[in-house]
Every structure is written in structure tokens, then in C-alpha cells.
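K.L.:
The file below is coords_37.tsv, TSV, C-alpha atoms:
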```tsv
chain	number	residue	atom	x	y	z
A	169	MET	CA	26.10	18.69	66.70
A	170	LYS	CA	25.57	18.05	70.40
A	171	GLY	CA	24.98	21.77	70.97
A	172	GLN	CA	22.33	21.86	68.22
A	173	TRP	CA	20.42	18.96	69.78
A	174	GLN	CA	20.43	20.79	73.11
A	175	VAL	CA	18.98	23.91	71.48
A	176	TRP	CA	16.25	21.88	69.72
A	177	PHE	CA	15.48	20.03	72.95
A	178	MET	CA	15.01	23.35	74.78
A	179	ILE	CA	12.74	24.67	72.00
A	180	ILE	CA	10.60	21.52	72.09
A	181	MET	CA	10.35	21.65	75.88
A	182	LEU	CA	9.37	25.34	75.82
A	183	GLY	CA	6.76	24.68	73.13
A	184	GLY	CA	5.34	21.83	75.17
A	185	VAL	CA	5.02	24.02	78.28
A	186	VAL	CA	3.23	26.77	76.29
A	187	ALA	CA	0.87	24.23	74.68
A	188	LEU	CA	0.13	22.65	78.05
A	189	GLY	CA	-0.64	26.09	79.47
A	190	PHE	CA	-3.32	26.63	76.81
A	191	LEU	CA	-4.78	23.18	77.44
A	192	ILE	CA	-5.10	23.53	81.20
A	193	TYR	CA	-6.11	27.22	81.28
A	194	PRO	CA	-9.50	27.28	83.06
A	195	LYS	CA	-12.43	28.30	80.87
A	196	THR	CA	-15.18	28.05	83.48
A	197	GLU	CA	-15.53	28.87	87.17
A	198	ASP	CA	-15.50	25.18	88.14
A	199	GLN	CA	-12.32	24.54	86.11
A	200	ARG	CA	-10.63	27.55	87.63
A	201	ASN	CA	-11.55	26.56	91.17
A	202	SER	CA	-10.32	23.03	90.48
A	203	LEU	CA	-6.99	24.27	89.14
A	204	LEU	CA	-6.50	26.62	92.08
A	205	SER	CA	-7.22	23.76	94.45
A	206	LYS	CA	-4.60	21.59	92.76
A	207	LEU	CA	-2.09	24.40	92.98
A	208	GLY	CA	-2.72	24.68	96.70
A	209	THR	CA	-4.33	28.14	96.44
A	210	THR	CA	-7.61	28.78	98.21
A	211	ASN	CA	-10.23	31.36	97.41
A	212	HIS	CA	-13.48	32.14	99.14
A	213	GLY	CA	-15.19	34.56	96.76
A	214	ASN	CA	-17.24	33.66	93.69
A	215	PHE	CA	-15.33	34.08	90.44
A	216	ILE	CA	-16.91	36.37	87.83
A	217	VAL	CA	-16.45	34.56	84.50
A	218	PRO	CA	-15.52	36.28	82.30
A	219	PRO	CA	-14.27	39.27	84.32
A	220	ALA	CA	-16.38	42.39	83.66
A	221	SER	CA	-14.83	45.80	83.04
A	222	ILE	CA	-16.29	48.81	84.85
A	223	LYS	CA	-14.43	51.27	82.60
A	224	ASP	CA	-17.37	51.88	80.27
A	225	LEU	CA	-19.86	52.67	83.03
A	226	ASN	CA	-21.06	56.29	83.07
A	227	LEU	CA	-20.37	57.20	86.67
A	228	LYS	CA	-20.66	60.53	88.47
A	229	SER	CA	-19.60	61.80	91.87
A	230	VAL	CA	-22.09	63.16	94.41
A	231	ASP	CA	-21.52	66.71	93.13
A	232	GLY	CA	-22.32	65.68	89.55
A	233	GLN	CA	-18.77	65.51	88.21
A	234	ILE	CA	-17.78	62.67	85.87
A	235	TRP	CA	-16.08	59.84	87.76
A	236	ASP	CA	-13.67	58.34	85.24
A	237	PHE	CA	-11.92	55.14	86.32
A	238	SER	CA	-9.00	55.85	83.97
A	239	ASP	CA	-8.16	59.00	85.95
A	240	LYS	CA	-8.04	57.23	89.29
A	241	LYS	CA	-5.01	55.88	91.10
A	242	PRO	CA	-4.60	52.11	90.53
A	243	LYS	CA	-6.11	50.34	93.54
A	244	TRP	CA	-8.00	47.19	94.40
A	245	ARG	CA	-11.64	48.10	95.02
A	246	LEU	CA	-14.80	46.62	96.48
A	247	ILE	CA	-17.90	47.96	94.77
A	248	ILE	CA	-21.33	47.75	96.40
A	249	ALA	CA	-24.20	48.71	94.07
A	250	GLY	CA	-27.61	49.63	95.46
A	251	ASP	CA	-30.36	52.21	95.56
A	252	GLN	CA	-30.71	55.60	97.23
A	253	GLU	CA	-31.95	54.12	100.52
A	254	CYS	CA	-29.32	51.42	101.12
A	255	SER	CA	-31.61	49.07	103.05
A	256	ASP	CA	-30.69	46.79	105.96
A	257	GLN	CA	-28.86	44.13	103.92
A	258	CYS	CA	-27.01	46.84	102.02
A	259	ARG	CA	-25.90	48.42	105.30
A	260	GLU	CA	-24.81	45.04	106.65
A	261	LEU	CA	-22.66	44.56	103.55
A	262	LEU	CA	-21.17	48.03	103.97
A	263	TYR	CA	-20.36	47.23	107.60
A	264	LEU	CA	-18.75	43.91	106.61
A	265	THR	CA	-16.59	45.55	103.92
A	266	ARG	CA	-15.66	48.39	106.29
A	267	GLN	CA	-14.30	45.88	108.79
A	268	VAL	CA	-12.41	44.19	105.96
A	269	HIS	CA	-10.83	47.51	104.94
A	270	ILE	CA	-9.78	48.31	108.50
A	271	SER	CA	-8.30	44.84	108.97
A	272	LEU	CA	-6.14	45.01	105.85
A	273	GLY	CA	-3.48	46.89	107.79
A	274	LYS	CA	-0.47	47.66	105.58
A	275	TYR	CA	-2.56	46.90	102.46
A	276	SER	CA	-5.35	49.36	103.33
A	277	ARG	CA	-3.83	52.25	101.32
A	278	ARG	CA	-3.91	50.13	98.18
A	279	PHE	CA	-7.61	49.45	98.66
A	280	GLU	CA	-10.82	51.44	98.28
A	281	ARG	CA	-14.55	50.90	98.76
A	282	LEU	CA	-17.15	52.38	96.42
A	283	TYR	CA	-20.91	52.60	96.79
A	284	ILE	CA	-22.74	53.08	93.49
A	285	SER	CA	-26.23	54.52	93.90
A	286	LEU	CA	-28.03	53.28	90.81
A	287	ASP	CA	-30.37	55.68	88.97
A	288	GLN	CA	-31.32	57.70	92.01
A	289	THR	CA	-29.72	60.54	93.94
A	290	MET	CA	-29.17	59.74	97.60
A	291	GLY	CA	-30.99	61.82	100.17
A	292	ALA	CA	-29.22	64.00	102.72
A	293	GLU	CA	-30.11	61.62	105.59
A	294	VAL	CA	-28.51	58.59	103.91
A	295	LEU	CA	-25.44	60.57	102.87
A	296	GLU	CA	-25.04	61.77	106.45
A	297	PHE	CA	-25.32	58.16	107.70
A	298	LEU	CA	-22.60	57.06	105.26
A	299	LYS	CA	-20.40	60.01	106.16
A	300	LEU	CA	-20.59	59.24	109.88
A	301	ASN	CA	-20.28	55.45	109.68
A	302	HIS	CA	-18.17	55.03	106.55
A	303	PRO	CA	-15.87	58.07	106.25
A	304	PHE	CA	-13.57	56.40	103.70
A	305	LEU	CA	-16.36	55.12	101.47
A	306	LYS	CA	-16.58	56.80	98.05
A	307	VAL	CA	-20.18	57.40	96.95
A	308	ILE	CA	-20.86	57.70	93.22
A	309	HIS	CA	-23.89	57.44	90.93
A	310	GLY	CA	-24.48	55.09	88.02
A	311	ASP	CA	-27.10	53.67	85.68
A	312	GLU	CA	-28.75	50.41	86.73
A	313	LYS	CA	-29.27	49.19	83.16
A	314	GLU	CA	-25.57	49.71	82.41
A	315	PHE	CA	-24.54	47.87	85.57
A	316	GLU	CA	-26.94	45.03	84.82
A	317	SER	CA	-25.67	44.80	81.22
A	318	MET	CA	-22.06	44.71	82.40
A	319	LEU	CA	-22.73	41.54	84.41
A	320	ALA	CA	-25.46	39.98	82.24
A	321	LYS	CA	-23.15	37.64	80.29
A	322	THR	CA	-21.05	36.61	83.26
A	323	SER	CA	-21.46	33.85	85.83
A	324	THR	CA	-22.62	36.51	88.31
A	325	PRO	CA	-25.61	38.45	86.89
A	326	PHE	CA	-26.91	41.45	88.82
A	327	TYR	CA	-30.44	39.99	88.81
A	328	LYS	CA	-31.12	36.40	89.86
A	329	GLN	CA	-34.65	35.15	89.18
A	330	ASP	CA	-35.78	38.78	88.78
A	331	ILE	CA	-34.42	39.66	92.21
A	332	LYS	CA	-31.59	42.18	92.55
A	333	THR	CA	-28.57	40.59	94.22
A	334	ASN	CA	-26.78	42.17	97.16
A	335	ARG	CA	-23.06	41.70	96.54
A	336	ALA	CA	-19.69	43.35	96.88
A	337	TYR	CA	-17.61	43.09	93.70
A	338	LEU	CA	-13.83	42.90	93.91
A	339	VAL	CA	-12.29	45.00	91.13
A	340	ASP	CA	-8.61	44.85	90.20
A	341	GLN	CA	-6.32	47.79	89.35
A	342	GLN	CA	-7.25	47.56	85.66
A	343	GLY	CA	-10.96	47.92	86.38
A	344	PHE	CA	-12.09	44.30	86.00
A	345	ALA	CA	-14.66	42.91	88.43
A	346	MET	CA	-13.26	39.44	89.04
A	347	MET	CA	-14.83	38.13	92.25
A	348	SER	CA	-17.97	38.77	94.28
A	349	TYR	CA	-19.00	38.36	97.91
A	350	ASP	CA	-22.29	38.41	99.79
A	351	LEU	CA	-23.36	38.25	103.43
A	352	SER	CA	-22.70	34.50	103.54
A	353	HIS	CA	-18.97	35.26	103.40
A	354	LYS	CA	-16.99	35.96	106.53
A	355	GLY	CA	-14.77	39.01	106.80
A	356	THR	CA	-11.73	36.80	107.40
A	357	GLU	CA	-12.41	34.99	104.11
A	358	ILE	CA	-12.59	38.23	102.13
A	359	ILE	CA	-9.43	39.52	103.81
A	360	GLU	CA	-7.57	36.34	102.97
A	361	ASP	CA	-8.51	36.61	99.29
A	362	ILE	CA	-7.59	40.30	99.03
A	363	GLU	CA	-4.28	39.93	100.87
A	364	HIS	CA	-3.33	37.01	98.65
A	365	LEU	CA	-4.06	39.02	95.50
A	366	MET	CA	-2.26	42.13	96.76
A	367	LYS	CA	0.75	40.10	97.77
A	368	TYR	CA	1.32	38.97	94.18
A	369	SER	CA	0.20	42.16	92.39
A	370	SER	CA	2.72	44.76	91.27
A	371	GLN	CA	0.92	47.74	92.80
```
Step by step, read the file and then write its structure as C-alpha cells.

P.N.:
Amino acid sequence: MKGQWQVWFMIIMLGGVVALGFLIYPKTEDQRNSLLSKLGTTNHGNFIVPPASIKDLNLKSVDGQIWDFSDKKPKWRLIIAGDQECSDQCRELLYLTRQVHISLGKYSRRFERLYISLDQTMGAEVLEFLKLNHPFLKVIHGDEKEFESMLAKTSTPFYKQDIKTNRAYLVDQQGFAMMSYDLSHKGTEIIEDIEHLMKYSSQ
């Protein structure tokens, strides 16, 4: 009899833990930030709620070949989306993320940066600039409407008050954009977030 009560007690305790997990699971960005704060975990990026999958985007490489996320090696990625010119703010963001990549040290091989040129083919001059200054940056092409639609129902839309935002999106190994950064973030803050995530990820 005593053994049976112990089994029932364990079942009740386990059920209580599962139920509590559903109750406290964060449903909004504010709730998630609050929970992370209580757990003693800090983050500096802006959460994308809900996370947005890049898997359905029709992407192509510079030479016109299909760039299929499912065929790529699982890595953490920072995606910067812009136009064919990559203006000053865009180039500042590329520089910031380049310094982040370099500073990741032992984690750098598990990380990749992507620049998505939306709707327009990049000119030879811009491609040469990227090749010289960002040799490990992957340049691909995508559709702006698709990218905008991907983020439209999240907490981080691509357009804010009809103005295109200039952000780097952190994408996990499964292809979900989960956090974003802009030029207000310091490189050390981005590095801290990425290293923390990589430390606890399986790959």
C-alpha cells in the first residue's frame, strides 16, 4: 500500500509540473522577457513573436541557382535583408555583424551571415565591395513581398510606419527567425546572446 501511494504521489507531482509549465509558458514578448529575467538569463535582442520560418522563402544564389535552406548544413545565421545598393546603414549593420562573427571564436564555424538582396540583382560594384570587405558573407536573392509577409504577423514587421526597417535577424538551425538586432545594439550584446544560445544548442 505504501508503495502505491508513492507511485500516485509521483504521478500527481509530475502532472503538476507539466500543468505549471503550460501556465507559465510565455505567450508574448513581454512575458518571455519577464520569465527570462526571473530565471537569471539575460538577452539583448528583440524577440520575434511568434518565430518566423524562412524555409518557404524562394531564395536564389548570385548565379541563379535555388538556395534551399533544407539542403544547408545546420547553423545559426544572421540574415540582413536589403536592396541592391546596400546603403550606409546597411553597410554599418554588415560591419557590425562581421565583427560579431570574427569575435565568436570557437563558435564561428557554427555561424553564418547572409545578405538577402530583395527583388533586385546586385551590381558588380556592390558585389565587389562585399567580396573585399565581407569574404565570408553569403549573398542571395529573395522576394520583398515574401519577406514582408513572413514577418507581417510577428512582433517585428519588416515595415514600420511604411518605412523599411534595417535589422539583422538571428535564425536558428531549424530556420526560425527568433530575434532581431539593429544599430542600437552593441556587438558585445549580440555576441553574448549568440554564445549563450550556442552553448545550450545541440549543434

K.L.:
Quick one: distance from CA of His309 in chain A to CA of Lys354 in chain A in Å, one decimal?

P.N.:
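According to the coordinates, CA of His309 in chain A and CA of Lys354 in chain A are separated by 27.4 Å.
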
K.L.:
Can you pull out the residues contacting Met346 in chain A? Cut-off 8 Å, using only C-alpha atoms, and skip same-chain residues under 3 positions away; I want them as a ChimeraX atom specification.

P.N.:
/A:215-220,337-340

K.L.:
May I ask for the distance between CA of Phe315 in chain A and CA of Val268 in chain A, given in Å to one decimal place?

P.N.:
24.0 Å

K.L.:
Residues at most 10 Å from Lys306 in chain A, counting all atoms listed in the file, excluding those fewer than 4 positions away in the same chain, as a ChimeraX atom specification?

P.N.:
/A:229-230,247,280-284,298-299,302

K.L.:
So, counting all atoms listed in the file, which residue among A:Asp287, A:Glu312, A:Asn214, A:Glu253 is closest to Lys332 in chain A?

P.N.:
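Selected residue with least distance to Lys332 in chain A: A:Glu312.
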
K.L.:
One decimal, in Å: what's the spacing between CA of Gln267 in chain A and CA of Pro325 in chain A?

P.N.:
25.7 Å

K.L.:
Taking (-19.1, 38.3, 103.3) in the file's coordinates, which residues come within 12 Å, counting only C-alpha atoms, written as a compact mmCIF listing (two decimals) with C-alpha atoms, in the coordinates of the input?

P.N.:
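Listed below is the output, out_26.txt:
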```
# COMPACT_ATOMS: atom_id res chain seq x y z
CA HIS A 212 -13.48 32.14 99.14
CA GLY A 213 -15.19 34.56 96.76
CA ASN A 214 -17.24 33.66 93.69
CA LEU A 246 -14.80 46.62 96.48
CA ILE A 248 -21.33 47.75 96.40
CA GLN A 257 -28.86 44.13 103.92
CA CYS A 258 -27.01 46.84 102.02
CA GLU A 260 -24.81 45.04 106.65
CA LEU A 261 -22.66 44.56 103.55
CA LEU A 262 -21.17 48.03 103.97
CA TYR A 263 -20.36 47.23 107.60
CA LEU A 264 -18.75 43.91 106.61
CA THR A 265 -16.59 45.55 103.92
CA ARG A 266 -15.66 48.39 106.29
CA GLN A 267 -14.30 45.88 108.79
CA VAL A 268 -12.41 44.19 105.96
CA ASN A 334 -26.78 42.17 97.16
CA ARG A 335 -23.06 41.70 96.54
CA ALA A 336 -19.69 43.35 96.88
CA TYR A 337 -17.61 43.09 93.70
CA LEU A 338 -13.83 42.90 93.91
CA MET A 347 -14.83 38.13 92.25
CA SER A 348 -17.97 38.77 94.28
CA TYR A 349 -19.00 38.36 97.91
CA ASP A 350 -22.29 38.41 99.79
CA LEU A 351 -23.36 38.25 103.43
CA SER A 352 -22.70 34.50 103.54
CA HIS A 353 -18.97 35.26 103.40
CA LYS A 354 -16.99 35.96 106.53
CA GLY A 355 -14.77 39.01 106.80
CA THR A 356 -11.73 36.80 107.40
CA GLU A 357 -12.41 34.99 104.11
CA ILE A 358 -12.59 38.23 102.13
CA ILE A 359 -9.43 39.52 103.81
CA GLU A 360 -7.57 36.34 102.97
CA ASP A 361 -8.51 36.61 99.29
```

K.L.:
Could you check which of A:Ser276, A:Asn211, A:Ser238, A:Gln252 is closest to Lys223 in chain A, using all atoms listed in the file?

P.N.:
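Nearest to Lys223 in chain A: A:Ser238.
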
K.L.:
Return the single residue from A:Tyr368, A:Trp235, A:Phe304, A:Tyr327 that is closest to Ile270 in chain A, with distances computed using only C-alpha atoms.

P.N.:
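Among the listed residues, the smallest separation from Ile270 in chain A belongs to A:Phe304.
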
K.L.:
Would you save range 188-342 of chain A from the block above with C-alpha atoms, as an mmCIF file, in the first residue's frame?

P.N.:
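Resulting contents of decode_20.cif:
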```cif
data_model
loop_
_atom_site.group_PDB
_atom_site.id
_atom_site.type_symbol
_atom_site.label_atom_id
_atom_site.label_comp_id
_atom_site.auth_asym_id
_atom_site.auth_seq_id
_atom_site.Cartn_x
_atom_site.Cartn_y
_atom_site.Cartn_z
ATOM 1 C CA LEU A 188 2.542 24.651 -14.310
ATOM 2 C CA GLY A 189 4.775 24.649 -17.388
ATOM 3 C CA PHE A 190 1.757 25.347 -19.620
ATOM 4 C CA LEU A 191 0.555 28.096 -17.287
ATOM 5 C CA ILE A 192 3.838 29.983 -17.113
ATOM 6 C CA TYR A 193 4.914 29.457 -20.756
ATOM 7 C CA PRO A 194 5.344 32.984 -22.179
ATOM 8 C CA LYS A 195 2.824 33.926 -24.865
ATOM 9 C CA THR A 196 4.074 37.452 -25.575
ATOM 10 C CA GLU A 197 7.461 39.147 -25.829
ATOM 11 C CA ASP A 198 6.964 40.954 -22.502
ATOM 12 C CA GLN A 199 6.039 37.699 -20.728
ATOM 13 C CA ARG A 200 9.024 35.922 -22.207
ATOM 14 C CA ASN A 201 11.430 38.688 -21.222
ATOM 15 C CA SER A 202 9.953 38.694 -17.716
ATOM 16 C CA LEU A 203 10.366 34.938 -17.354
ATOM 17 C CA LEU A 204 13.943 35.046 -18.633
ATOM 18 C CA SER A 205 14.710 37.800 -16.145
ATOM 19 C CA LYS A 206 13.332 35.715 -13.286
ATOM 20 C CA LEU A 207 15.393 32.754 -14.409
ATOM 21 C CA GLY A 208 18.511 34.894 -14.330
ATOM 22 C CA THR A 209 19.007 34.779 -18.126
ATOM 23 C CA THR A 210 19.677 37.998 -19.998
ATOM 24 C CA ASN A 211 19.037 38.761 -23.620
ATOM 25 C CA HIS A 212 19.733 41.883 -25.608
ATOM 26 C CA GLY A 213 17.969 41.243 -28.916
ATOM 27 C CA ASN A 214 14.292 41.782 -29.672
ATOM 28 C CA PHE A 215 12.262 38.576 -29.634
ATOM 29 C CA ILE A 216 10.299 37.775 -32.801
ATOM 30 C CA VAL A 217 6.911 36.518 -31.586
ATOM 31 C CA PRO A 218 5.939 34.107 -32.958
ATOM 32 C CA PRO A 219 9.204 32.931 -34.556
ATOM 33 C CA ALA A 220 9.052 33.154 -38.370
ATOM 34 C CA SER A 221 10.286 30.347 -40.624
ATOM 35 C CA ILE A 222 12.464 31.247 -43.612
ATOM 36 C CA LYS A 223 12.038 27.789 -45.160
ATOM 37 C CA ASP A 224 9.246 28.829 -47.522
ATOM 38 C CA LEU A 225 11.093 31.817 -48.969
ATOM 39 C CA ASN A 226 12.040 31.446 -52.647
ATOM 40 C CA LEU A 227 15.731 32.244 -52.475
ATOM 41 C CA LYS A 228 18.413 32.073 -55.156
ATOM 42 C CA SER A 229 22.179 32.343 -55.157
ATOM 43 C CA VAL A 230 24.045 35.023 -57.123
ATOM 44 C CA ASP A 231 24.428 32.640 -60.082
ATOM 45 C CA GLY A 232 20.666 31.992 -60.192
ATOM 46 C CA GLN A 233 20.643 28.582 -58.517
ATOM 47 C CA ILE A 234 17.906 27.757 -55.999
ATOM 48 C CA TRP A 235 19.088 28.333 -52.431
ATOM 49 C CA ASP A 236 17.165 25.775 -50.383
ATOM 50 C CA PHE A 237 17.524 26.069 -46.607
ATOM 51 C CA SER A 238 16.726 22.363 -46.163
ATOM 52 C CA ASP A 239 19.876 21.442 -48.101
ATOM 53 C CA LYS A 240 22.173 23.572 -45.975
ATOM 54 C CA LYS A 241 24.264 22.493 -43.025
ATOM 55 C CA PRO A 242 22.539 23.302 -39.703
ATOM 56 C CA LYS A 243 23.989 26.581 -38.434
ATOM 57 C CA TRP A 244 22.956 29.671 -36.539
ATOM 58 C CA ARG A 245 22.596 32.537 -39.003
ATOM 59 C CA LEU A 246 22.266 36.305 -39.055
ATOM 60 C CA ILE A 247 20.221 37.497 -42.017
ATOM 61 C CA ILE A 248 20.401 41.085 -43.260
ATOM 62 C CA ALA A 249 17.767 41.931 -45.887
ATOM 63 C CA GLY A 250 18.159 44.978 -48.122
ATOM 64 C CA ASP A 251 18.260 46.267 -51.668
ATOM 65 C CA GLN A 252 20.833 46.063 -54.451
ATOM 66 C CA GLU A 253 22.732 49.149 -53.260
ATOM 67 C CA CYS A 254 23.150 48.327 -49.558
ATOM 68 C CA SER A 255 23.198 51.941 -48.361
ATOM 69 C CA ASP A 256 25.197 53.410 -45.468
ATOM 70 C CA GLN A 257 23.074 51.981 -42.637
ATOM 71 C CA CYS A 258 23.037 48.604 -44.348
ATOM 72 C CA ARG A 259 26.835 48.658 -44.607
ATOM 73 C CA GLU A 260 27.136 49.671 -40.956
ATOM 74 C CA LEU A 261 25.000 46.683 -39.998
ATOM 75 C CA LEU A 262 27.131 44.392 -42.154
ATOM 76 C CA TYR A 263 30.260 45.735 -40.463
ATOM 77 C CA LEU A 264 28.729 45.219 -37.008
ATOM 78 C CA THR A 265 27.726 41.625 -37.785
ATOM 79 C CA ARG A 266 31.131 40.920 -39.353
ATOM 80 C CA GLN A 267 32.844 41.939 -36.129
ATOM 81 C CA VAL A 268 30.407 39.726 -34.220
ATOM 82 C CA HIS A 269 31.264 36.746 -36.446
ATOM 83 C CA ILE A 270 35.001 37.278 -36.012
ATOM 84 C CA SER A 271 34.641 37.603 -32.240
ATOM 85 C CA LEU A 272 32.722 34.345 -31.840
ATOM 86 C CA GLY A 273 35.989 32.423 -31.803
ATOM 87 C CA LYS A 274 35.360 28.692 -31.346
ATOM 88 C CA TYR A 275 31.681 29.184 -32.254
ATOM 89 C CA SER A 276 32.394 30.911 -35.583
ATOM 90 C CA ARG A 277 32.209 27.679 -37.638
ATOM 91 C CA ARG A 278 28.684 27.069 -36.387
ATOM 92 C CA PHE A 279 27.611 30.507 -37.554
ATOM 93 C CA GLU A 280 26.923 32.157 -40.907
ATOM 94 C CA ARG A 281 25.889 35.579 -42.205
ATOM 95 C CA LEU A 282 23.523 36.018 -45.144
ATOM 96 C CA TYR A 283 22.656 39.123 -47.132
ATOM 97 C CA ILE A 284 19.347 38.869 -48.995
ATOM 98 C CA SER A 285 19.055 41.317 -51.872
ATOM 99 C CA LEU A 286 15.311 41.774 -52.220
ATOM 100 C CA ASP A 287 13.801 41.896 -55.733
ATOM 101 C CA GLN A 288 16.858 43.326 -57.421
ATOM 102 C CA THR A 289 20.116 41.893 -58.735
ATOM 103 C CA MET A 290 23.179 43.459 -57.160
ATOM 104 C CA GLY A 291 25.564 45.346 -59.408
ATOM 105 C CA ALA A 292 29.168 44.307 -59.971
ATOM 106 C CA GLU A 293 30.488 47.247 -57.898
ATOM 107 C CA VAL A 294 28.455 46.315 -54.805
ATOM 108 C CA LEU A 295 29.314 42.623 -55.155
ATOM 109 C CA GLU A 296 32.996 43.532 -55.373
ATOM 110 C CA PHE A 297 32.666 45.684 -52.232
ATOM 111 C CA LEU A 298 31.067 42.782 -50.353
ATOM 112 C CA LYS A 299 33.664 40.332 -51.631
ATOM 113 C CA LEU A 300 36.546 42.520 -50.447
ATOM 114 C CA ASN A 301 35.094 43.585 -47.100
ATOM 115 C CA HIS A 302 32.936 40.585 -46.219
ATOM 116 C CA PRO A 303 34.556 37.471 -47.725
ATOM 117 C CA PHE A 304 32.512 35.055 -45.589
ATOM 118 C CA LEU A 305 29.168 36.722 -46.244
ATOM 119 C CA LYS A 306 26.739 34.670 -48.360
ATOM 120 C CA VAL A 307 24.789 36.822 -50.842
ATOM 121 C CA ILE A 308 21.434 35.506 -52.054
ATOM 122 C CA HIS A 309 18.334 36.968 -53.709
ATOM 123 C CA GLY A 310 14.753 36.957 -52.483
ATOM 124 C CA ASP A 311 11.315 38.484 -52.959
ATOM 125 C CA GLU A 312 10.484 41.519 -50.811
ATOM 126 C CA LYS A 313 6.763 40.716 -50.625
ATOM 127 C CA GLU A 314 7.550 37.212 -49.366
ATOM 128 C CA PHE A 315 9.966 38.547 -46.760
ATOM 129 C CA GLU A 316 7.473 41.181 -45.650
ATOM 130 C CA SER A 317 4.694 38.561 -45.429
ATOM 131 C CA MET A 318 6.903 36.250 -43.369
ATOM 132 C CA LEU A 319 7.258 38.912 -40.659
ATOM 133 C CA ALA A 320 3.887 40.659 -41.040
ATOM 134 C CA LYS A 321 2.118 38.773 -38.229
ATOM 135 C CA THR A 322 5.027 38.866 -35.813
ATOM 136 C CA SER A 323 6.119 41.420 -33.233
ATOM 137 C CA THR A 324 8.849 42.518 -35.665
ATOM 138 C CA PRO A 325 7.314 43.531 -39.030
ATOM 139 C CA PHE A 326 9.648 44.355 -41.912
ATOM 140 C CA TYR A 327 7.919 47.730 -42.410
ATOM 141 C CA LYS A 328 7.286 50.098 -39.506
ATOM 142 C CA GLN A 329 5.047 53.079 -40.297
ATOM 143 C CA ASP A 330 5.647 52.445 -44.021
ATOM 144 C CA ILE A 331 9.409 52.626 -43.525
ATOM 145 C CA LYS A 332 11.576 49.582 -44.219
ATOM 146 C CA THR A 333 13.464 48.534 -41.098
ATOM 147 C CA ASN A 334 17.192 47.887 -41.065
ATOM 148 C CA ARG A 335 17.731 44.792 -38.929
ATOM 149 C CA ALA A 336 19.765 41.627 -38.619
ATOM 150 C CA TYR A 337 17.614 38.573 -37.901
ATOM 151 C CA LEU A 338 19.003 35.712 -35.834
ATOM 152 C CA VAL A 339 17.868 32.400 -37.330
ATOM 153 C CA ASP A 340 18.250 29.062 -35.540
ATOM 154 C CA GLN A 341 19.360 25.740 -37.062
ATOM 155 C CA GLN A 342 15.754 24.839 -37.938
#
```
